[in-house]
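Engineer: Take this structure first; my questions come after.
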Amino acid sequence: MSFELIVATTNREKFVEISDYLKLDGLKLIPLFGLSDVPEIEETGFTFLENATLKAETIYKRYKKPVFADDTGLCVDYLNGMPGVFSARFAGPNATYEQNRKKLMKLLEGVPFNRRRAYFITQIVFFDPDGKRHAIEGRVNGFITEEERGSGIFGYDPVFLYPPMGRTFAELPVRIKNRVSHRGRALSVLKEMLKQWL
Ligand code: ITT
């Protein structure tokens with residue numbers, strides 16, 4: 001069998017990672033930028049689950065097709081979990097990745113390495129072909145570096161050190177990042193579920 005799955009994201013870097021991971025015969029992924037008349041979705045939730053649900057539900061209601069949304073954030077212990085659900089707009093409503101990272105680095109100035117613990121979390125909400133809702137979470141622990149490292153530019157990747165590899169996520173190719181990351185961990189569960197319909 002085959003089916004089309006909408007990926008309720010407008011984030012191109014995220015979509016690159018998702019497409020690389022969810023390569024399955026018969027599965028066609030469609031991002032929001034591949035659709036017309038896409039409803040505006042405001043991420044007004046206070047949790048990743050609320051925001052992922054909001055995104056997936058709005059798109060499911062609009063297109064009546066299988067869909068999943070990914071809501072992700074970086075939570076820094078020293079900042080009591082910030083930027084968290086505000087990760088995309090940490091430095092302001094239309095902040096760039098670089099502005100967000102600069103703000104984070106400023107807030108952590110002078111903070112020693114062992115107090116720079118952080119984790120990425122991805123919450124996926126999936127509406128399957130029968131309209132049933134599934135929630136999946138993926139996390140990865142690490143540290144915020146004192147300087148940016150790597151050529152990847154996605155979000156906070158240049159400042160997130162993954163200790164088992166001694167590299168920041170921006171120093172890892174997409175395929176390797178996907179093997180160990182918050183998103184990769186959540187996607188591995190989703191991938192197994194998707195196989196039932198293929
Ligand atoms: P959509 O809601 O349209 O999917 P978004 O960019 O708003 O796009 P999120 O709310 O899930 O997506 O992500 C919040 C921010 O967290 C995002 O803008 C990036 O700055 C950062 N981010 C998400 N995933 C990341 C990753 O794997 N590595 C580094 N930063 C990431």
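Note on naming: chains are A, B, ... as they come in the structure tokens, residues start from 1 per chain, ligands start from 1 in the order shown.
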At most 6 Å is the cut-off: for each residue in chain A with any atom that close to an atom of ligand 1, write down the nearest atom pair and the distance in Å rounded to one decimal, counting only C-alpha atoms and all ligand atoms, chain first then increasing number, as CSV.

Structural biologist:
residue,atom,partner,partner_atom_place_in_ligand_line,distance
A:Thr9,CA,ligand 1,3 (O),3.6
A:Thr10,CA,ligand 1,3 (O),3.8
A:Asn11,CA,ligand 1,8 (O),4.4
A:Asp70,CA,ligand 1,11 (O),5.7
A:Asp71,CA,ligand 1,11 (O),3.6
A:Thr72,CA,ligand 1,11 (O),3.7
A:Gly73,CA,ligand 1,16 (O),4.6
A:Ser87,CA,ligand 1,15 (C),4.5
A:Ala88,CA,ligand 1,18 (O),3.7
A:Tyr97,CA,ligand 1,20 (O),5.4
A:Phe154,CA,ligand 1,29 (C),5.2
A:Gly155,CA,ligand 1,30 (N),3.5
A:Tyr156,CA,ligand 1,29 (C),4.1
A:Asp157,CA,ligand 1,29 (C),4.3

Engineer: Would you put the residues from that selection into a file with all heavy atoms, as a JSON list (two decimals), in the first residue's frame?

Structural biologist:
[["chain", "number", "residue", "atom", "x", "y", "z"],
["A", 9, "THR", "N", 4.76, 21.19, 9.22],
["A", 9, "THR", "CA", 5.85, 22.10, 9.56],
["A", 9, "THR", "C", 6.11, 23.08, 8.42],
["A", 9, "THR", "O", 5.91, 22.75, 7.26],
["A", 9, "THR", "CB", 7.17, 21.35, 9.88],
["A", 9, "THR", "OG1", 8.14, 22.31, 10.34],
["A", 9, "THR", "CG2", 7.74, 20.61, 8.69],
["A", 10, "THR", "N", 6.56, 24.27, 8.81],
["A", 10, "THR", "CA", 6.99, 25.26, 7.83],
["A", 10, "THR", "C", 8.51, 25.41, 7.90],
["A", 10, "THR", "O", 9.09, 26.26, 7.24],
["A", 10, "THR", "CB", 6.35, 26.65, 8.14],
["A", 10, "THR", "OG1", 6.67, 26.96, 9.49],
["A", 10, "THR", "CG2", 4.85, 26.63, 7.96],
["A", 11, "ASN", "N", 9.12, 24.58, 8.75],
["A", 11, "ASN", "CA", 10.55, 24.70, 8.99],
["A", 11, "ASN", "C", 11.32, 23.79, 8.03],
["A", 11, "ASN", "O", 11.21, 22.56, 8.10],
["A", 11, "ASN", "CB", 10.84, 24.32, 10.46],
["A", 11, "ASN", "CG", 12.28, 24.52, 10.83],
["A", 11, "ASN", "OD1", 13.17, 24.07, 10.13],
["A", 11, "ASN", "ND2", 12.52, 25.20, 11.93],
["A", 70, "ASP", "N", 5.60, 18.17, 14.64],
["A", 70, "ASP", "CA", 6.77, 18.01, 15.53],
["A", 70, "ASP", "C", 6.91, 19.33, 16.26],
["A", 70, "ASP", "O", 7.03, 20.37, 15.62],
["A", 70, "ASP", "CB", 7.97, 17.70, 14.62],
["A", 70, "ASP", "CG", 9.35, 18.06, 15.17],
["A", 70, "ASP", "OD1", 9.49, 19.08, 15.87],
["A", 70, "ASP", "OD2", 10.30, 17.34, 14.84],
["A", 71, "ASP", "N", 6.81, 19.31, 17.57],
["A", 71, "ASP", "CA", 7.11, 20.53, 18.32],
["A", 71, "ASP", "C", 8.37, 20.27, 19.13],
["A", 71, "ASP", "O", 8.44, 19.29, 19.88],
["A", 71, "ASP", "CB", 5.96, 20.98, 19.21],
["A", 71, "ASP", "CG", 6.13, 22.45, 19.58],
["A", 71, "ASP", "OD1", 6.20, 23.27, 18.65],
["A", 71, "ASP", "OD2", 6.26, 22.78, 20.77],
["A", 72, "THR", "N", 9.34, 21.12, 18.93],
["A", 72, "THR", "CA", 10.66, 20.88, 19.52],
["A", 72, "THR", "C", 11.14, 22.10, 20.29],
["A", 72, "THR", "O", 10.79, 23.23, 19.94],
["A", 72, "THR", "CB", 11.66, 20.55, 18.39],
["A", 72, "THR", "OG1", 11.28, 19.33, 17.78],
["A", 72, "THR", "CG2", 13.08, 20.41, 18.89],
["A", 73, "GLY", "N", 11.95, 21.88, 21.29],
["A", 73, "GLY", "CA", 12.56, 23.00, 22.00],
["A", 73, "GLY", "C", 13.81, 22.56, 22.73],
["A", 73, "GLY", "O", 14.07, 21.37, 22.92],
["A", 87, "SER", "N", 11.48, 28.46, 22.14],
["A", 87, "SER", "CA", 12.76, 28.32, 21.44],
["A", 87, "SER", "C", 12.82, 29.08, 20.12],
["A", 87, "SER", "O", 13.84, 29.66, 19.77],
["A", 87, "SER", "CB", 13.08, 26.84, 21.21],
["A", 87, "SER", "OG", 13.35, 26.22, 22.44],
["A", 88, "ALA", "N", 11.71, 29.08, 19.36],
["A", 88, "ALA", "CA", 11.74, 29.73, 18.04],
["A", 88, "ALA", "C", 11.74, 31.25, 18.16],
["A", 88, "ALA", "O", 12.27, 31.95, 17.31],
["A", 88, "ALA", "CB", 10.53, 29.29, 17.21],
["A", 97, "TYR", "N", 17.73, 32.31, 13.83],
["A", 97, "TYR", "CA", 18.42, 31.30, 14.64],
["A", 97, "TYR", "C", 19.60, 31.95, 15.36],
["A", 97, "TYR", "O", 19.88, 31.68, 16.52],
["A", 97, "TYR", "CB", 18.97, 30.19, 13.74],
["A", 97, "TYR", "CG", 17.95, 29.29, 13.08],
["A", 97, "TYR", "CD1", 18.21, 28.72, 11.84],
["A", 97, "TYR", "CD2", 16.74, 28.97, 13.71],
["A", 97, "TYR", "CE1", 17.31, 27.86, 11.23],
["A", 97, "TYR", "CE2", 15.83, 28.12, 13.10],
["A", 97, "TYR", "CZ", 16.12, 27.56, 11.86],
["A", 97, "TYR", "OH", 15.24, 26.71, 11.25],
["A", 154, "PHE", "N", 21.23, 24.97, 11.69],
["A", 154, "PHE", "CA", 19.87, 24.79, 12.17],
["A", 154, "PHE", "C", 19.74, 25.13, 13.66],
["A", 154, "PHE", "O", 20.36, 24.50, 14.52],
["A", 154, "PHE", "CB", 19.44, 23.34, 11.90],
["A", 154, "PHE", "CG", 18.03, 23.00, 12.32],
["A", 154, "PHE", "CD1", 17.07, 23.99, 12.55],
["A", 154, "PHE", "CD2", 17.65, 21.68, 12.47],
["A", 154, "PHE", "CE1", 15.77, 23.66, 12.93],
["A", 154, "PHE", "CE2", 16.35, 21.33, 12.84],
["A", 154, "PHE", "CZ", 15.42, 22.33, 13.08],
["A", 155, "GLY", "N", 18.91, 26.11, 13.95],
["A", 155, "GLY", "CA", 18.54, 26.44, 15.34],
["A", 155, "GLY", "C", 19.71, 26.52, 16.29],
["A", 155, "GLY", "O", 20.69, 27.24, 16.08],
["A", 156, "TYR", "N", 19.62, 25.72, 17.35],
["A", 156, "TYR", "CA", 20.63, 25.75, 18.42],
["A", 156, "TYR", "C", 21.71, 24.68, 18.21],
["A", 156, "TYR", "O", 22.53, 24.47, 19.10],
["A", 156, "TYR", "CB", 19.94, 25.54, 19.77],
["A", 156, "TYR", "CG", 18.93, 26.63, 20.10],
["A", 156, "TYR", "CD1", 17.59, 26.52, 19.75],
["A", 156, "TYR", "CD2", 19.34, 27.80, 20.74],
["A", 156, "TYR", "CE1", 16.68, 27.52, 20.03],
["A", 156, "TYR", "CE2", 18.44, 28.81, 21.03],
["A", 156, "TYR", "CZ", 17.11, 28.66, 20.67],
["A", 156, "TYR", "OH", 16.21, 29.67, 20.95],
["A", 157, "ASP", "N", 21.71, 24.01, 17.06],
["A", 157, "ASP", "CA", 22.67, 22.92, 16.83],
["A", 157, "ASP", "C", 24.14, 23.33, 17.07],
["A", 157, "ASP", "O", 24.90, 22.54, 17.64],
["A", 157, "ASP", "CB", 22.53, 22.36, 15.40],
["A", 157, "ASP", "CG", 21.41, 21.33, 15.31],
["A", 157, "ASP", "OD1", 20.82, 20.99, 16.35],
["A", 157, "ASP", "OD2", 21.12, 20.88, 14.18]]

Engineer: Name the residues of range 10-190 of chain A that come out as helix (DSSP H, G or I) in a backbone DSSP run; write them as a PyMOL selection string.

Structural biologist: chain A and resi 12-21+32-34+48-63+77-79+84-89+97-107+113-115+157-159+163-165+169-171+174-180+182-190

Engineer: Which residues of range 72-152 of chain A sit at most 8 Å from range 162-171 of chain A, using only C-alpha atoms? Give each one's shortest atom pair and distance in Å (one decimal place), in chain and ascending residue order, as CSV.

Structural biologist:
residue,atom,partner,partner_atom,distance
A:Asn141,CA,A:Tyr162,CA,7.2
A:Gly142,CA,A:Tyr162,CA,5.0
A:Phe143,CA,A:Tyr162,CA,7.0
A:Arg149,CA,A:Thr168,CA,6.4
A:Gly150,CA,A:Glu171,CA,4.3
A:Ser151,CA,A:Ala170,CA,5.8
A:Gly152,CA,A:Ala170,CA,4.2

Engineer: Go ahead and write the selection's residues with N, CA and C atoms as a PDB file, in the first residue's frame.

Structural biologist:
ATOM      1  N   ASN A 141      20.094  14.423  25.935  1.00  0.00           N
ATOM      2  CA  ASN A 141      20.783  15.291  26.899  1.00  0.00           C
ATOM      3  C   ASN A 141      22.114  15.764  26.355  1.00  0.00           C
ATOM      4  N   GLY A 142      22.515  16.950  26.782  1.00  0.00           N
ATOM      5  CA  GLY A 142      23.818  17.469  26.362  1.00  0.00           C
ATOM      6  C   GLY A 142      24.194  18.692  27.179  1.00  0.00           C
ATOM      7  N   PHE A 143      25.094  19.498  26.606  1.00  0.00           N
ATOM      8  CA  PHE A 143      25.575  20.710  27.268  1.00  0.00           C
ATOM      9  C   PHE A 143      25.598  21.858  26.264  1.00  0.00           C
ATOM     10  N   ARG A 149      30.109  25.860  17.307  1.00  0.00           N
ATOM     11  CA  ARG A 149      30.979  24.912  16.590  1.00  0.00           C
ATOM     12  C   ARG A 149      30.205  24.198  15.499  1.00  0.00           C
ATOM     13  N   GLY A 150      30.818  24.084  14.321  1.00  0.00           N
ATOM     14  CA  GLY A 150      30.217  23.296  13.239  1.00  0.00           C
ATOM     15  C   GLY A 150      29.648  24.143  12.131  1.00  0.00           C
ATOM     16  N   SER A 151      29.381  23.484  11.012  1.00  0.00           N
ATOM     17  CA  SER A 151      28.914  24.230   9.850  1.00  0.00           C
ATOM     18  C   SER A 151      27.397  24.203   9.696  1.00  0.00           C
ATOM     19  N   GLY A 152      26.732  23.303  10.402  1.00  0.00           N
ATOM     20  CA  GLY A 152      25.267  23.282  10.348  1.00  0.00           C
ATOM     21  C   GLY A 152      24.729  24.552  10.976  1.00  0.00           C
TER      22      GLY A 152
END

Engineer: Expressed in Å to a single decimal, how great is the separation between CA of Leu198 in chain A and CA of Ala186 in chain A?

Structural biologist: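 Atom-to-atom, CA of Leu198 in chain A to CA of Ala186 in chain A, that is 19.2 Å.
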
Engineer: Quick one: residues within 10 Å of Ile18 in chain A, only C-alpha atoms counted, chain neighbours fewer than 2 positions away excluded, as a ChimeraX atom specification?

Structural biologist: /A:7,12-16,20-23,29,70,174,178,183-184,187

Engineer: May I ask which of the residues A:Leu107, A:Leu74, A:Ala135, A:Ile59 is the closest one to Val38 in chain A, counting only C-alpha atoms?

Structural biologist: A:Ile59

Engineer: Could you give me, as a ChimeraX atom specification, the residues within 12 Å of Glu50 in chain A, counting only C-alpha atoms and dropping anything in the same chain fewer than 5 positions from it?

Structural biologist: /A:42-45,55-57,69-72,85,123-125,135

Engineer: Output the selection as an mmCIF file, in the first residue's frame - N, CA and C atoms for each residue.

Structural biologist:
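New file out06.cif:
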data_model
loop_
_atom_site.group_PDB
_atom_site.id
_atom_site.type_symbol
_atom_site.label_atom_id
_atom_site.label_comp_id
_atom_site.auth_asym_id
_atom_site.auth_seq_id
_atom_site.Cartn_x
_atom_site.Cartn_y
_atom_site.Cartn_z
ATOM 1 N N GLU A 42 -1.152 29.498 15.312
ATOM 2 C CA GLU A 42 -0.397 30.181 16.376
ATOM 3 C C GLU A 42 -0.070 29.178 17.466
ATOM 4 N N GLU A 43 1.214 29.129 17.830
ATOM 5 C CA GLU A 43 1.617 28.167 18.858
ATOM 6 C C GLU A 43 1.395 28.782 20.234
ATOM 7 N N THR A 44 0.145 28.678 20.710
ATOM 8 C CA THR A 44 -0.225 29.354 21.951
ATOM 9 C C THR A 44 -0.138 28.448 23.171
ATOM 10 N N GLY A 45 0.247 27.192 22.967
ATOM 11 C CA GLY A 45 0.287 26.247 24.084
ATOM 12 C C GLY A 45 1.416 26.537 25.071
ATOM 13 N N LYS A 55 -0.968 22.034 16.142
ATOM 14 C CA LYS A 55 -0.511 22.028 14.742
ATOM 15 C C LYS A 55 -1.123 20.835 13.998
ATOM 16 N N ALA A 56 -1.033 19.633 14.580
ATOM 17 C CA ALA A 56 -1.515 18.433 13.881
ATOM 18 C C ALA A 56 -3.034 18.482 13.697
ATOM 19 N N GLU A 57 -3.736 18.916 14.751
ATOM 20 C CA GLU A 57 -5.201 18.923 14.701
ATOM 21 C C GLU A 57 -5.736 19.927 13.681
ATOM 22 N N ALA A 69 2.734 16.432 13.443
ATOM 23 C CA ALA A 69 3.427 17.679 13.756
ATOM 24 C C ALA A 69 4.555 17.359 14.718
ATOM 25 N N ASP A 70 5.601 18.166 14.645
ATOM 26 C CA ASP A 70 6.768 18.012 15.531
ATOM 27 C C ASP A 70 6.909 19.334 16.258
ATOM 28 N N ASP A 71 6.807 19.312 17.574
ATOM 29 C CA ASP A 71 7.113 20.535 18.315
ATOM 30 C C ASP A 71 8.367 20.268 19.133
ATOM 31 N N THR A 72 9.341 21.121 18.931
ATOM 32 C CA THR A 72 10.662 20.882 19.516
ATOM 33 C C THR A 72 11.135 22.102 20.286
ATOM 34 N N VAL A 85 9.349 26.078 25.223
ATOM 35 C CA VAL A 85 8.372 26.273 24.134
ATOM 36 C C VAL A 85 8.578 27.600 23.403
ATOM 37 N N GLN A 123 8.276 16.615 20.580
ATOM 38 C CA GLN A 123 6.981 15.982 20.805
ATOM 39 C C GLN A 123 6.308 15.839 19.445
ATOM 40 N N ILE A 124 5.976 14.613 19.100
ATOM 41 C CA ILE A 124 5.260 14.375 17.840
ATOM 42 C C ILE A 124 3.812 14.046 18.160
ATOM 43 N N VAL A 125 2.893 14.622 17.388
ATOM 44 C CA VAL A 125 1.491 14.192 17.442
ATOM 45 C C VAL A 125 1.108 13.761 16.030
ATOM 46 N N ALA A 135 0.700 10.163 20.443
ATOM 47 C CA ALA A 135 1.702 11.137 20.899
ATOM 48 C C ALA A 135 3.014 10.403 21.177
#

Engineer: Could you please determine the separation between CA of Asn114 in chain A and CA of Glu98 in chain A in Å, to one decimal place?

Structural biologist: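 Straight-line distance from CA of Asn114 in chain A to CA of Glu98 in chain A works out to 23.8 Å.
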
Engineer: In Å, with one decimal, what is the gap from CA of Phe120 in chain A to CA of Pro83 in chain A?

Structural biologist: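 Going from CA of Phe120 in chain A over to CA of Pro83 in chain A covers 10.5 Å.
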
Engineer: Please identify which residues in range 79-149 of chain A DSSP calls strand (DSSP E or B) from the backbone, and express them as JSON, numbers by chain.

Structural biologist: {"A": [83, 117, 118, 119, 120, 121, 122, 123, 124, 125, 126, 127, 133, 134, 135, 136, 137, 138, 139, 140, 141, 142, 143, 144]}

Engineer: Please write the residues from the selection above to a file, keeping N, CA, C and O atoms, as a compact mmCIF listing (two decimals), in the first residue's frame.

Structural biologist:
# COMPACT_ATOMS: atom_id res chain seq x y z
N PRO A 83 15.03 28.09 26.74
CA PRO A 83 13.88 28.73 26.10
C PRO A 83 12.65 27.85 25.94
O PRO A 83 11.56 28.38 25.71
N ARG A 117 24.11 22.22 31.51
CA ARG A 117 23.33 21.06 31.04
C ARG A 117 22.06 21.51 30.34
O ARG A 117 21.42 22.48 30.76
N ALA A 118 21.70 20.75 29.29
CA ALA A 118 20.48 21.10 28.54
C ALA A 118 19.96 19.84 27.87
O ALA A 118 20.67 18.83 27.78
N TYR A 119 18.73 19.90 27.44
CA TYR A 119 18.23 18.79 26.61
C TYR A 119 17.32 19.34 25.52
O TYR A 119 16.68 20.38 25.69
N PHE A 120 17.31 18.61 24.42
CA PHE A 120 16.35 18.89 23.35
C PHE A 120 15.19 17.93 23.54
O PHE A 120 15.40 16.76 23.86
N ILE A 121 14.01 18.42 23.29
CA ILE A 121 12.84 17.55 23.34
C ILE A 121 12.00 17.75 22.08
O ILE A 121 11.82 18.89 21.63
N THR A 122 11.56 16.63 21.52
CA THR A 122 10.64 16.67 20.38
C THR A 122 9.37 15.94 20.77
O THR A 122 9.43 14.80 21.25
N GLN A 123 8.28 16.62 20.58
CA GLN A 123 6.98 15.98 20.80
C GLN A 123 6.31 15.84 19.44
O GLN A 123 6.13 16.83 18.73
N ILE A 124 5.98 14.61 19.10
CA ILE A 124 5.26 14.38 17.84
C ILE A 124 3.81 14.05 18.16
O ILE A 124 3.54 13.29 19.10
N VAL A 125 2.89 14.62 17.39
CA VAL A 125 1.49 14.19 17.44
C VAL A 125 1.11 13.76 16.03
O VAL A 125 1.30 14.50 15.07
N PHE A 126 0.60 12.53 15.94
CA PHE A 126 0.32 11.89 14.65
C PHE A 126 -1.15 11.49 14.57
O PHE A 126 -1.66 10.81 15.46
N PHE A 127 -1.82 11.94 13.51
CA PHE A 127 -3.18 11.46 13.23
C PHE A 127 -3.04 10.41 12.13
O PHE A 127 -2.61 10.74 11.01
N ARG A 133 -5.37 9.47 17.16
CA ARG A 133 -4.24 10.32 17.54
C ARG A 133 -3.20 9.57 18.37
O ARG A 133 -3.56 8.82 19.27
N HIS A 134 -1.92 9.80 18.05
CA HIS A 134 -0.82 9.18 18.81
C HIS A 134 0.15 10.28 19.23
O HIS A 134 0.40 11.20 18.45
N ALA A 135 0.70 10.16 20.44
CA ALA A 135 1.70 11.14 20.90
C ALA A 135 3.01 10.40 21.18
O ALA A 135 3.02 9.34 21.80
N ILE A 136 4.11 10.95 20.69
CA ILE A 136 5.43 10.32 20.85
C ILE A 136 6.43 11.40 21.28
O ILE A 136 6.44 12.50 20.71
N GLU A 137 7.28 11.05 22.25
CA GLU A 137 8.27 12.04 22.72
C GLU A 137 9.69 11.51 22.52
O GLU A 137 9.93 10.31 22.70
N GLY A 138 10.60 12.38 22.17
CA GLY A 138 12.01 11.99 22.06
C GLY A 138 12.86 13.06 22.74
O GLY A 138 12.56 14.25 22.63
N ARG A 139 13.90 12.62 23.46
CA ARG A 139 14.78 13.58 24.16
C ARG A 139 16.23 13.21 23.99
O ARG A 139 16.55 12.03 23.85
N VAL A 140 17.09 14.21 24.11
CA VAL A 140 18.53 13.93 24.15
C VAL A 140 19.19 14.94 25.10
O VAL A 140 18.86 16.12 25.07
N ASN A 141 20.09 14.42 25.94
CA ASN A 141 20.78 15.29 26.90
C ASN A 141 22.11 15.76 26.36
O ASN A 141 22.78 15.05 25.60
N GLY A 142 22.51 16.95 26.78
CA GLY A 142 23.82 17.47 26.36
C GLY A 142 24.19 18.69 27.18
O GLY A 142 23.69 18.89 28.29
N PHE A 143 25.09 19.50 26.61
CA PHE A 143 25.57 20.71 27.27
C PHE A 143 25.60 21.86 26.26
O PHE A 143 25.81 21.62 25.07
N ILE A 144 25.44 23.07 26.76
CA ILE A 144 25.58 24.24 25.89
C ILE A 144 27.07 24.63 25.88
O ILE A 144 27.66 24.84 26.95

Engineer: Give me the residues near Gly131 in chain A as a list in words, where near means some atom within 10 Å (using only C-alpha atoms) and where sequence neighbours in that chain fewer than 4 positions away do not count.

Structural biologist: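 Listing them by chain and then by number gives Tyr60, Lys64, Lys65, Pro66, Val67, Phe126 and Phe127 of chain A.
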
Engineer: Those residues with all heavy atoms, as a PDB file, in the first residue's frame please?

Structural biologist:
ATOM      1  N   TYR A  60      -5.094  18.445  10.291  1.00  0.00           N
ATOM      2  CA  TYR A  60      -5.951  17.270  10.057  1.00  0.00           C
ATOM      3  C   TYR A  60      -7.381  17.724   9.716  1.00  0.00           C
ATOM      4  O   TYR A  60      -8.002  17.227   8.778  1.00  0.00           O
ATOM      5  CB  TYR A  60      -5.958  16.351  11.281  1.00  0.00           C
ATOM      6  CG  TYR A  60      -6.735  15.090  11.031  1.00  0.00           C
ATOM      7  CD1 TYR A  60      -6.232  14.103  10.195  1.00  0.00           C
ATOM      8  CD2 TYR A  60      -8.004  14.889  11.586  1.00  0.00           C
ATOM      9  CE1 TYR A  60      -6.956  12.948   9.921  1.00  0.00           C
ATOM     10  CE2 TYR A  60      -8.730  13.739  11.318  1.00  0.00           C
ATOM     11  CZ  TYR A  60      -8.200  12.778  10.488  1.00  0.00           C
ATOM     12  OH  TYR A  60      -8.924  11.635  10.208  1.00  0.00           O
ATOM     13  N   LYS A  64      -8.074  16.611   6.131  1.00  0.00           N
ATOM     14  CA  LYS A  64      -8.617  15.252   6.357  1.00  0.00           C
ATOM     15  C   LYS A  64      -7.688  14.160   5.812  1.00  0.00           C
ATOM     16  O   LYS A  64      -8.115  13.244   5.106  1.00  0.00           O
ATOM     17  CB  LYS A  64     -10.005  15.111   5.691  1.00  0.00           C
ATOM     18  CG  LYS A  64     -11.038  16.101   6.161  1.00  0.00           C
ATOM     19  CD  LYS A  64     -11.650  15.626   7.467  1.00  0.00           C
ATOM     20  CE  LYS A  64     -12.805  16.472   7.949  1.00  0.00           C
ATOM     21  NZ  LYS A  64     -12.632  17.904   7.986  1.00  0.00           N
ATOM     22  N   LYS A  65      -6.411  14.321   6.086  1.00  0.00           N
ATOM     23  CA  LYS A  65      -5.416  13.338   5.637  1.00  0.00           C
ATOM     24  C   LYS A  65      -4.498  13.021   6.804  1.00  0.00           C
ATOM     25  O   LYS A  65      -4.342  13.853   7.705  1.00  0.00           O
ATOM     26  CB  LYS A  65      -4.540  13.967   4.550  1.00  0.00           C
ATOM     27  CG  LYS A  65      -5.122  13.897   3.178  1.00  0.00           C
ATOM     28  CD  LYS A  65      -4.046  14.246   2.169  1.00  0.00           C
ATOM     29  CE  LYS A  65      -4.621  14.121   0.782  1.00  0.00           C
ATOM     30  NZ  LYS A  65      -3.696  14.189  -0.250  1.00  0.00           N
ATOM     31  N   PRO A  66      -3.818  11.862   6.780  1.00  0.00           N
ATOM     32  CA  PRO A  66      -2.857  11.578   7.844  1.00  0.00           C
ATOM     33  C   PRO A  66      -1.833  12.709   7.953  1.00  0.00           C
ATOM     34  O   PRO A  66      -1.372  13.235   6.929  1.00  0.00           O
ATOM     35  CB  PRO A  66      -2.176  10.285   7.396  1.00  0.00           C
ATOM     36  CG  PRO A  66      -3.036   9.704   6.347  1.00  0.00           C
ATOM     37  CD  PRO A  66      -3.883  10.788   5.781  1.00  0.00           C
ATOM     38  N   VAL A  67      -1.507  13.054   9.169  1.00  0.00           N
ATOM     39  CA  VAL A  67      -0.607  14.193   9.394  1.00  0.00           C
ATOM     40  C   VAL A  67       0.155  13.984  10.687  1.00  0.00           C
ATOM     41  O   VAL A  67      -0.343  13.338  11.602  1.00  0.00           O
ATOM     42  CB  VAL A  67      -1.424  15.518   9.475  1.00  0.00           C
ATOM     43  CG1 VAL A  67      -2.514  15.457  10.525  1.00  0.00           C
ATOM     44  CG2 VAL A  67      -0.529  16.722   9.777  1.00  0.00           C
ATOM     45  N   PHE A 126       0.603  12.527  15.942  1.00  0.00           N
ATOM     46  CA  PHE A 126       0.325  11.887  14.653  1.00  0.00           C
ATOM     47  C   PHE A 126      -1.148  11.486  14.566  1.00  0.00           C
ATOM     48  O   PHE A 126      -1.658  10.812  15.461  1.00  0.00           O
ATOM     49  CB  PHE A 126       1.235  10.653  14.557  1.00  0.00           C
ATOM     50  CG  PHE A 126       0.927   9.681  13.453  1.00  0.00           C
ATOM     51  CD1 PHE A 126       0.678  10.104  12.142  1.00  0.00           C
ATOM     52  CD2 PHE A 126       0.924   8.312  13.702  1.00  0.00           C
ATOM     53  CE1 PHE A 126       0.412   9.183  11.123  1.00  0.00           C
ATOM     54  CE2 PHE A 126       0.663   7.381  12.688  1.00  0.00           C
ATOM     55  CZ  PHE A 126       0.398   7.831  11.402  1.00  0.00           C
ATOM     56  N   PHE A 127      -1.824  11.936  13.509  1.00  0.00           N
ATOM     57  CA  PHE A 127      -3.176  11.458  13.227  1.00  0.00           C
ATOM     58  C   PHE A 127      -3.040  10.415  12.129  1.00  0.00           C
ATOM     59  O   PHE A 127      -2.609  10.737  11.015  1.00  0.00           O
ATOM     60  CB  PHE A 127      -4.087  12.609  12.757  1.00  0.00           C
ATOM     61  CG  PHE A 127      -4.576  13.456  13.898  1.00  0.00           C
ATOM     62  CD1 PHE A 127      -3.821  14.512  14.380  1.00  0.00           C
ATOM     63  CD2 PHE A 127      -5.794  13.181  14.512  1.00  0.00           C
ATOM     64  CE1 PHE A 127      -4.269  15.285  15.441  1.00  0.00           C
ATOM     65  CE2 PHE A 127      -6.250  13.947  15.577  1.00  0.00           C
ATOM     66  CZ  PHE A 127      -5.484  15.001  16.044  1.00  0.00           C
TER      67      PHE A 127
END
